[in-house]
>>> print(open('start-v1.cif').read())   # mmCIF, C-alpha atoms (C1' of nucleotides)
data_start
#
loop_
_atom_site.label_atom_id
_atom_site.label_comp_id
_atom_site.auth_asym_id
_atom_site.auth_seq_id
_atom_site.Cartn_x
_atom_site.Cartn_y
_atom_site.Cartn_z
CA MET A 13 -24.49 -1.93 15.06
CA ARG A 14 -23.51 -5.24 16.60
CA LEU A 15 -20.00 -5.55 17.92
CA ASP A 16 -18.59 -9.00 18.49
CA GLU A 17 -15.32 -9.51 20.33
CA GLU A 18 -13.29 -9.69 17.16
CA SER A 19 -14.51 -6.39 15.76
CA LYS A 20 -14.11 -4.74 19.15
CA ALA A 21 -10.46 -5.76 19.11
CA PHE A 22 -10.08 -4.42 15.60
CA HIS A 23 -11.59 -1.06 16.48
CA TYR A 24 -9.61 -0.81 19.67
CA ALA A 25 -6.36 -1.48 17.81
CA VAL A 26 -7.21 1.15 15.21
CA TYR A 27 -7.99 3.78 17.82
CA ALA A 28 -4.91 2.92 19.86
CA VAL A 29 -2.69 3.55 16.84
CA VAL A 30 -4.49 6.64 15.57
CA GLY A 31 -4.37 8.11 19.05
CA GLN A 32 -0.59 7.92 18.97
CA ILE A 33 -0.05 9.87 15.75
CA PRO A 34 1.95 12.93 16.84
CA TYR A 35 0.61 16.45 16.55
CA GLY A 36 1.39 17.93 13.15
CA LYS A 37 1.90 14.55 11.48
CA VAL A 38 -0.28 12.34 9.31
CA THR A 39 -0.24 8.72 8.15
CA SER A 40 -2.32 6.51 5.89
CA TYR A 41 -5.21 4.10 6.39
CA GLY A 42 -3.15 1.35 4.90
CA HIS A 43 -0.33 1.92 7.33
CA ILE A 44 -2.71 1.76 10.28
CA ALA A 45 -4.06 -1.50 8.89
CA TYR A 46 -0.54 -2.81 8.49
CA LEU A 47 0.44 -1.90 12.03
CA ILE A 48 -2.47 -3.74 13.58
CA GLY A 49 -1.71 -6.86 11.57
CA ARG A 50 -4.53 -6.52 9.04
CA PRO A 51 -2.83 -5.06 5.95
CA LYS A 52 -5.83 -5.74 3.73
CA ASN A 53 -8.23 -3.86 5.93
CA ALA A 54 -7.54 -0.23 5.01
CA ARG A 55 -11.20 0.35 4.18
CA GLN A 56 -12.22 -1.01 7.55
CA VAL A 57 -9.85 1.45 9.20
CA GLY A 58 -11.75 4.24 7.50
CA SER A 59 -15.04 2.69 8.48
CA SER A 60 -13.79 2.37 12.02
CA LEU A 61 -12.96 6.05 12.19
CA LYS A 62 -16.27 7.00 10.63
CA HIS A 63 -18.10 5.31 13.48
CA SER A 64 -15.52 6.14 16.11
CA GLU A 65 -17.72 8.40 18.21
CA TYR A 66 -20.36 5.71 18.60
CA ILE A 67 -17.92 2.86 19.11
CA VAL A 68 -15.72 4.71 21.60
CA SER A 69 -18.78 5.34 23.75
CA GLN A 70 -20.06 1.78 23.35
CA LEU A 71 -16.79 0.25 24.46
CA ASN A 72 -16.14 2.82 27.17
CA LEU A 73 -12.81 3.55 25.57
CA GLU A 74 -12.64 6.92 27.28
CA ASP A 75 -11.68 4.92 30.37
CA ALA A 76 -8.78 3.48 28.39
CA GLY A 77 -7.60 6.97 27.60
CA ILE A 78 -9.02 6.99 24.10
CA SER A 79 -11.10 10.05 23.34
CA ASP A 80 -11.02 12.98 20.93
CA LEU A 81 -9.48 10.74 18.33
CA PRO A 82 -7.31 12.65 15.80
CA TRP A 83 -9.04 11.08 12.81
CA TRP A 84 -8.02 14.01 10.64
CA ARG A 85 -4.40 12.83 10.81
CA VAL A 86 -5.30 9.76 8.75
CA ILE A 87 -5.23 10.18 4.97
CA LEU A 88 -4.89 8.13 1.78
CA SER A 89 -1.62 6.39 0.95
CA ALA A 90 -1.38 8.78 -2.01
CA GLY A 91 -0.86 11.59 0.49
CA THR A 92 -4.22 13.21 -0.17
CA ILE A 93 -7.31 13.70 1.95
CA SER A 94 -10.02 11.19 1.14
CA LYS A 95 -13.08 12.44 -0.68
CA ARG A 96 -16.43 12.21 1.05
CA ASP A 97 -19.60 14.27 1.43
CA SER A 98 -17.80 17.37 2.70
CA GLY A 99 -15.95 16.32 5.82
CA GLU A 100 -12.81 16.49 3.74
CA TYR A 101 -12.79 20.27 4.13
CA GLU A 102 -12.96 20.12 7.90
CA GLN A 103 -10.11 17.61 7.82
CA ALA A 104 -8.00 19.99 5.73
CA ARG A 105 -8.83 22.83 8.11
CA ARG A 106 -7.89 20.80 11.20
CA LEU A 107 -4.59 19.79 9.62
CA GLN A 108 -3.78 23.37 8.77
CA ASP A 109 -4.57 24.26 12.37
CA GLU A 110 -1.72 21.91 13.24
CA LYS A 111 0.59 23.68 10.82
CA VAL A 112 0.46 20.77 8.37
CA VAL A 113 0.95 22.10 4.86
CA VAL A 114 -2.10 21.23 2.78
CA ASP A 115 -2.06 22.14 -0.89
CA GLY A 116 -5.59 21.62 -2.09
CA MET A 117 -6.29 18.08 -0.83
CA LYS A 118 -2.60 17.11 -0.96
CA VAL A 119 -0.62 16.97 2.28
CA ASP A 120 3.05 17.97 2.27
CA LEU A 121 5.27 14.89 2.33
CA ASP A 122 7.39 16.33 5.13
CA ASP A 123 4.41 15.82 7.38
CA PHE A 124 3.65 12.32 6.15
CA GLY A 125 4.90 9.99 8.85
CA TRP A 126 5.64 6.30 9.01
CA PHE A 127 5.42 5.01 12.55
CA PRO A 128 6.70 1.43 12.89
CA ASP A 129 7.32 2.06 16.58
CA LEU A 130 3.62 2.03 17.25
CA VAL A 131 3.29 -1.72 16.73
CA ASP A 132 3.25 -2.57 20.42
CA ILE A 133 -0.44 -2.08 21.10
"C1'" DG B 6 -28.03 -15.22 5.09
"C1'" DA B 7 -27.04 -13.23 0.51
"C1'" DC B 8 -26.02 -8.76 -1.54
"C1'" DT B 9 -24.27 -4.11 -1.59
"C1'" DT B 10 -21.34 -0.36 0.07
"C1'" DG B 11 -17.25 2.03 1.16
"C1'" DA B 12 -13.20 7.87 5.29
"C1'" DC B 13 -8.67 2.04 0.65
"C1'" DT B 14 -4.61 0.07 -2.06
"C1'" DC B 15 -2.02 -1.80 -5.58
"C1'" DA B 16 -0.79 -3.30 -10.28
"C1'" DT B 17 -1.51 -2.33 -14.79
"C1'" DT B 18 -2.15 0.57 -18.72
"C1'" DG C 12 2.39 10.87 -14.14
"C1'" DA C 13 -2.89 10.11 -14.33
"C1'" DA C 14 -6.68 6.83 -15.03
"C1'" DT C 15 -8.70 2.32 -14.58
"C1'" DG C 16 -9.92 -1.99 -12.65
"C1'" DA C 17 -9.57 -5.80 -9.56
"C1'" DG C 18 -9.16 -7.19 -4.81
"C1'" DC C 19 -10.18 -6.61 -0.09
"C1'" DC C 20 -13.49 -7.54 4.01
"C1'" DA C 21 -16.35 -5.50 8.01
"C1'" DA C 22 -20.78 -3.13 8.24
"C1'" DG C 23 -25.06 -2.10 6.67
"C1'" DT C 24 -29.47 -3.55 4.30
#
>>> encode(input="start-v1.cif", output="structure tokens")
Amino acid sequence: MRLDEESKAFHYAVYAVVGQIPYGKVTSYGHIAYLIGRPKNARQVGSSLKHSEYIVSQLNLEDAGISDLPWWRVILSAGTISKRDSGEYEQARRLQDEKVVVDGMKVDLDDFGWFPDLVDI
DNA sequence: GACTTGACTCATT
DNA sequence: GAATGAGCCAAGT
């Protein structure tokens, strides 16, 4: 995977926001995209998280305080956990570990946060 | 360098 | 409400 400066900035912004989602709360891909100024890039946010382990190590983001990214706190705008091979179940489990109410693949709205304060990244 | 894929979203039906 | 389809754009092939 080749990372030019622009995509590095995109990934960094995504991780910076995701890393600030409070324990026990979740938000959506689209909201992350909106916060970093790329509202049309929700899919890229997901892609970014998918490759986060590799990218974080490539960019030495651990030095910037970004590690153990809480990717499981990012869900669909519909309030459900996104479908994929089977990682969805681990995501549900991790959320329940944080006392987030998960009914099937649907997350309780009380835990669905909107974090406009996170814009300053 | 063109074509496909995808951890998405929104408007429409 | 649920289902469908078009739009989106960085990564992967």
>>> interface_residues(input="start-v1.cif", of="chain B", to="chain A", cutoff="7 Å", atoms="all atoms listed in the file", output="tab-separated table (two decimals) with C-alpha atoms (C1' of nucleotides), keeping the file's coordinate frame")
chain	number	residue	atom	x	y	z
B	11	DG	C1'	-17.25	2.03	1.16
B	12	DA	C1'	-13.20	7.87	5.29
B	13	DC	C1'	-8.67	2.04	0.65
>>> interface_residues(input="start-v1.cif", of="chain C", to="chain A", cutoff="9 Å", atoms="all atoms listed in the file", output="VMD selection string")
chain C and resid 19 to 23
>>> write_last_selection(input="start-v1.cif", atoms="C-alpha atoms (C1' of nucleotides)", output="mmCIF file, in the coordinates of the input")
data_model
loop_
_atom_site.group_PDB
_atom_site.id
_atom_site.type_symbol
_atom_site.label_atom_id
_atom_site.label_comp_id
_atom_site.auth_asym_id
_atom_site.auth_seq_id
_atom_site.Cartn_x
_atom_site.Cartn_y
_atom_site.Cartn_z
ATOM 1 C "C1'" DC C 19 -10.180 -6.610 -0.090
ATOM 2 C "C1'" DC C 20 -13.490 -7.540 4.010
ATOM 3 C "C1'" DA C 21 -16.350 -5.500 8.010
ATOM 4 C "C1'" DA C 22 -20.780 -3.130 8.240
ATOM 5 C "C1'" DG C 23 -25.060 -2.100 6.670
#
>>> atom_distance(input="start-v1.cif", atom1="CA of Gln108 in chain A", atom2="CA of Ile78 in chain A")
23.0 Å
>>> atom_distance(input="start-v1.cif", atom1="C1' of DA7 in chain B", atom2="CA of Ile67 in chain A")
26.2 Å
>>> resolve_selection(input="start-v1.cif", expression="the PyMOL selection byres ((chain C and resi 15) around 9)", output="PyMOL selection string")
(chain B and resi 17-18) or (chain C and resi 14+16)
>>> atom_distance(input="start-v1.cif", atom1="CA of Gln70 in chain A", atom2="CA of Arg106 in chain A")
25.6 Å
>>> residues_around(input="start-v1.cif", residues="DT24 in chain C", least_positions_apart="3", cutoff="10 Å", atoms="only C-alpha atoms (C1' of nucleotides)", output="list in words")
DC8, DT9 and DT10 of chain B
>>> build_atoms(input="start-v1.cif", residues="range 64-75 of chain A", atoms="all heavy atoms", output="PDB file, in the frame of the given file")
ATOM      1  N   SER A  64     -16.305   6.103  14.880  1.00  0.00           N
ATOM      2  CA  SER A  64     -15.520   6.140  16.110  1.00  0.00           C
ATOM      3  C   SER A  64     -16.278   6.709  17.316  1.00  0.00           C
ATOM      4  O   SER A  64     -16.191   6.161  18.409  1.00  0.00           O
ATOM      5  CB  SER A  64     -14.238   6.952  15.885  1.00  0.00           C
ATOM      6  OG  SER A  64     -14.558   8.284  15.575  1.00  0.00           O
ATOM      7  N   GLU A  65     -17.028   7.776  17.082  1.00  0.00           N
ATOM      8  CA  GLU A  65     -17.720   8.400  18.210  1.00  0.00           C
ATOM      9  C   GLU A  65     -18.639   7.396  18.894  1.00  0.00           C
ATOM     10  O   GLU A  65     -18.619   7.234  20.116  1.00  0.00           O
ATOM     11  CB  GLU A  65     -18.518   9.606  17.716  1.00  0.00           C
ATOM     12  CG  GLU A  65     -18.950  10.530  18.835  1.00  0.00           C
ATOM     13  CD  GLU A  65     -19.583  11.811  18.287  1.00  0.00           C
ATOM     14  OE1 GLU A  65     -19.177  12.244  17.193  1.00  0.00           O
ATOM     15  OE2 GLU A  65     -20.476  12.355  18.960  1.00  0.00           O
ATOM     16  N   TYR A  66     -19.427   6.700  18.076  1.00  0.00           N
ATOM     17  CA  TYR A  66     -20.360   5.710  18.600  1.00  0.00           C
ATOM     18  C   TYR A  66     -19.623   4.561  19.283  1.00  0.00           C
ATOM     19  O   TYR A  66     -19.947   4.158  20.402  1.00  0.00           O
ATOM     20  CB  TYR A  66     -21.222   5.166  17.461  1.00  0.00           C
ATOM     21  CG  TYR A  66     -22.034   3.954  17.837  1.00  0.00           C
ATOM     22  CD1 TYR A  66     -23.216   4.097  18.565  1.00  0.00           C
ATOM     23  CD2 TYR A  66     -21.607   2.668  17.470  1.00  0.00           C
ATOM     24  CE1 TYR A  66     -23.959   2.978  18.922  1.00  0.00           C
ATOM     25  CE2 TYR A  66     -22.351   1.550  17.827  1.00  0.00           C
ATOM     26  CZ  TYR A  66     -23.519   1.708  18.549  1.00  0.00           C
ATOM     27  OH  TYR A  66     -24.242   0.611  18.897  1.00  0.00           O
ATOM     28  N   ILE A  67     -18.606   4.032  18.597  1.00  0.00           N
ATOM     29  CA  ILE A  67     -17.920   2.860  19.110  1.00  0.00           C
ATOM     30  C   ILE A  67     -17.126   3.165  20.379  1.00  0.00           C
ATOM     31  O   ILE A  67     -17.139   2.384  21.333  1.00  0.00           O
ATOM     32  CB  ILE A  67     -16.987   2.281  18.031  1.00  0.00           C
ATOM     33  CG1 ILE A  67     -17.833   1.786  16.850  1.00  0.00           C
ATOM     34  CG2 ILE A  67     -16.155   1.140  18.600  1.00  0.00           C
ATOM     35  CD1 ILE A  67     -17.036   1.388  15.634  1.00  0.00           C
ATOM     36  N   VAL A  68     -16.478   4.331  20.403  1.00  0.00           N
ATOM     37  CA  VAL A  68     -15.720   4.710  21.600  1.00  0.00           C
ATOM     38  C   VAL A  68     -16.644   4.753  22.818  1.00  0.00           C
ATOM     39  O   VAL A  68     -16.298   4.278  23.891  1.00  0.00           O
ATOM     40  CB  VAL A  68     -15.029   6.082  21.402  1.00  0.00           C
ATOM     41  CG1 VAL A  68     -14.561   6.639  22.739  1.00  0.00           C
ATOM     42  CG2 VAL A  68     -13.844   5.927  20.457  1.00  0.00           C
ATOM     43  N   SER A  69     -17.845   5.273  22.615  1.00  0.00           N
ATOM     44  CA  SER A  69     -18.780   5.340  23.750  1.00  0.00           C
ATOM     45  C   SER A  69     -19.311   3.963  24.098  1.00  0.00           C
ATOM     46  O   SER A  69     -19.457   3.625  25.266  1.00  0.00           O
ATOM     47  CB  SER A  69     -19.932   6.294  23.419  1.00  0.00           C
ATOM     48  OG  SER A  69     -20.723   5.768  22.365  1.00  0.00           O
ATOM     49  N   GLN A  70     -19.555   3.134  23.093  1.00  0.00           N
ATOM     50  CA  GLN A  70     -20.060   1.780  23.350  1.00  0.00           C
ATOM     51  C   GLN A  70     -19.071   0.935  24.130  1.00  0.00           C
ATOM     52  O   GLN A  70     -19.453   0.142  24.978  1.00  0.00           O
ATOM     53  CB  GLN A  70     -20.358   1.087  22.014  1.00  0.00           C
ATOM     54  CG  GLN A  70     -21.641   1.535  21.352  1.00  0.00           C
ATOM     55  CD  GLN A  70     -22.863   1.178  22.171  1.00  0.00           C
ATOM     56  OE1 GLN A  70     -23.101   0.007  22.469  1.00  0.00           O
ATOM     57  NE2 GLN A  70     -23.641   2.173  22.565  1.00  0.00           N
ATOM     58  N   LEU A  71     -17.811   1.082  23.827  1.00  0.00           N
ATOM     59  CA  LEU A  71     -16.790   0.250  24.460  1.00  0.00           C
ATOM     60  C   LEU A  71     -16.166   0.912  25.691  1.00  0.00           C
ATOM     61  O   LEU A  71     -15.239   0.381  26.286  1.00  0.00           O
ATOM     62  CB  LEU A  71     -15.680  -0.080  23.453  1.00  0.00           C
ATOM     63  CG  LEU A  71     -16.130  -0.752  22.144  1.00  0.00           C
ATOM     64  CD1 LEU A  71     -14.916  -1.155  21.332  1.00  0.00           C
ATOM     65  CD2 LEU A  71     -16.998  -1.965  22.441  1.00  0.00           C
ATOM     66  N   ASN A  72     -16.700   2.085  26.043  1.00  0.00           N
ATOM     67  CA  ASN A  72     -16.140   2.820  27.170  1.00  0.00           C
ATOM     68  C   ASN A  72     -14.641   3.029  27.019  1.00  0.00           C
ATOM     69  O   ASN A  72     -13.884   2.879  27.973  1.00  0.00           O
ATOM     70  CB  ASN A  72     -16.411   2.075  28.477  1.00  0.00           C
ATOM     71  CG  ASN A  72     -17.889   2.081  28.805  1.00  0.00           C
ATOM     72  OD1 ASN A  72     -18.562   3.114  28.676  1.00  0.00           O
ATOM     73  ND2 ASN A  72     -18.422   0.940  29.179  1.00  0.00           N
ATOM     74  N   LEU A  73     -14.238   3.380  25.819  1.00  0.00           N
ATOM     75  CA  LEU A  73     -12.810   3.550  25.570  1.00  0.00           C
ATOM     76  C   LEU A  73     -12.245   4.820  26.196  1.00  0.00           C
ATOM     77  O   LEU A  73     -11.032   4.957  26.318  1.00  0.00           O
ATOM     78  CB  LEU A  73     -12.542   3.545  24.059  1.00  0.00           C
ATOM     79  CG  LEU A  73     -12.852   2.218  23.365  1.00  0.00           C
ATOM     80  CD1 LEU A  73     -12.486   2.286  21.898  1.00  0.00           C
ATOM     81  CD2 LEU A  73     -12.080   1.085  24.032  1.00  0.00           C
ATOM     82  N   GLU A  74     -13.148   5.714  26.605  1.00  0.00           N
ATOM     83  CA  GLU A  74     -12.640   6.920  27.280  1.00  0.00           C
ATOM     84  C   GLU A  74     -11.857   6.499  28.514  1.00  0.00           C
ATOM     85  O   GLU A  74     -10.841   7.093  28.853  1.00  0.00           O
ATOM     86  CB  GLU A  74     -13.781   7.833  27.700  1.00  0.00           C
ATOM     87  CG  GLU A  74     -14.574   8.389  26.534  1.00  0.00           C
ATOM     88  CD  GLU A  74     -15.797   7.544  26.245  1.00  0.00           C
ATOM     89  OE1 GLU A  74     -15.783   6.350  26.594  1.00  0.00           O
ATOM     90  OE2 GLU A  74     -16.757   8.094  25.682  1.00  0.00           O
ATOM     91  N   ASP A  75     -12.345   5.419  29.160  1.00  0.00           N
ATOM     92  CA  ASP A  75     -11.680   4.920  30.370  1.00  0.00           C
ATOM     93  C   ASP A  75     -10.285   4.400  30.050  1.00  0.00           C
ATOM     94  O   ASP A  75      -9.417   4.355  30.915  1.00  0.00           O
ATOM     95  CB  ASP A  75     -12.499   3.793  31.005  1.00  0.00           C
ATOM     96  CG  ASP A  75     -13.878   4.303  31.414  1.00  0.00           C
ATOM     97  OD1 ASP A  75     -14.024   5.534  31.579  1.00  0.00           O
ATOM     98  OD2 ASP A  75     -14.782   3.472  31.560  1.00  0.00           O
TER      99      ASP A  75
END
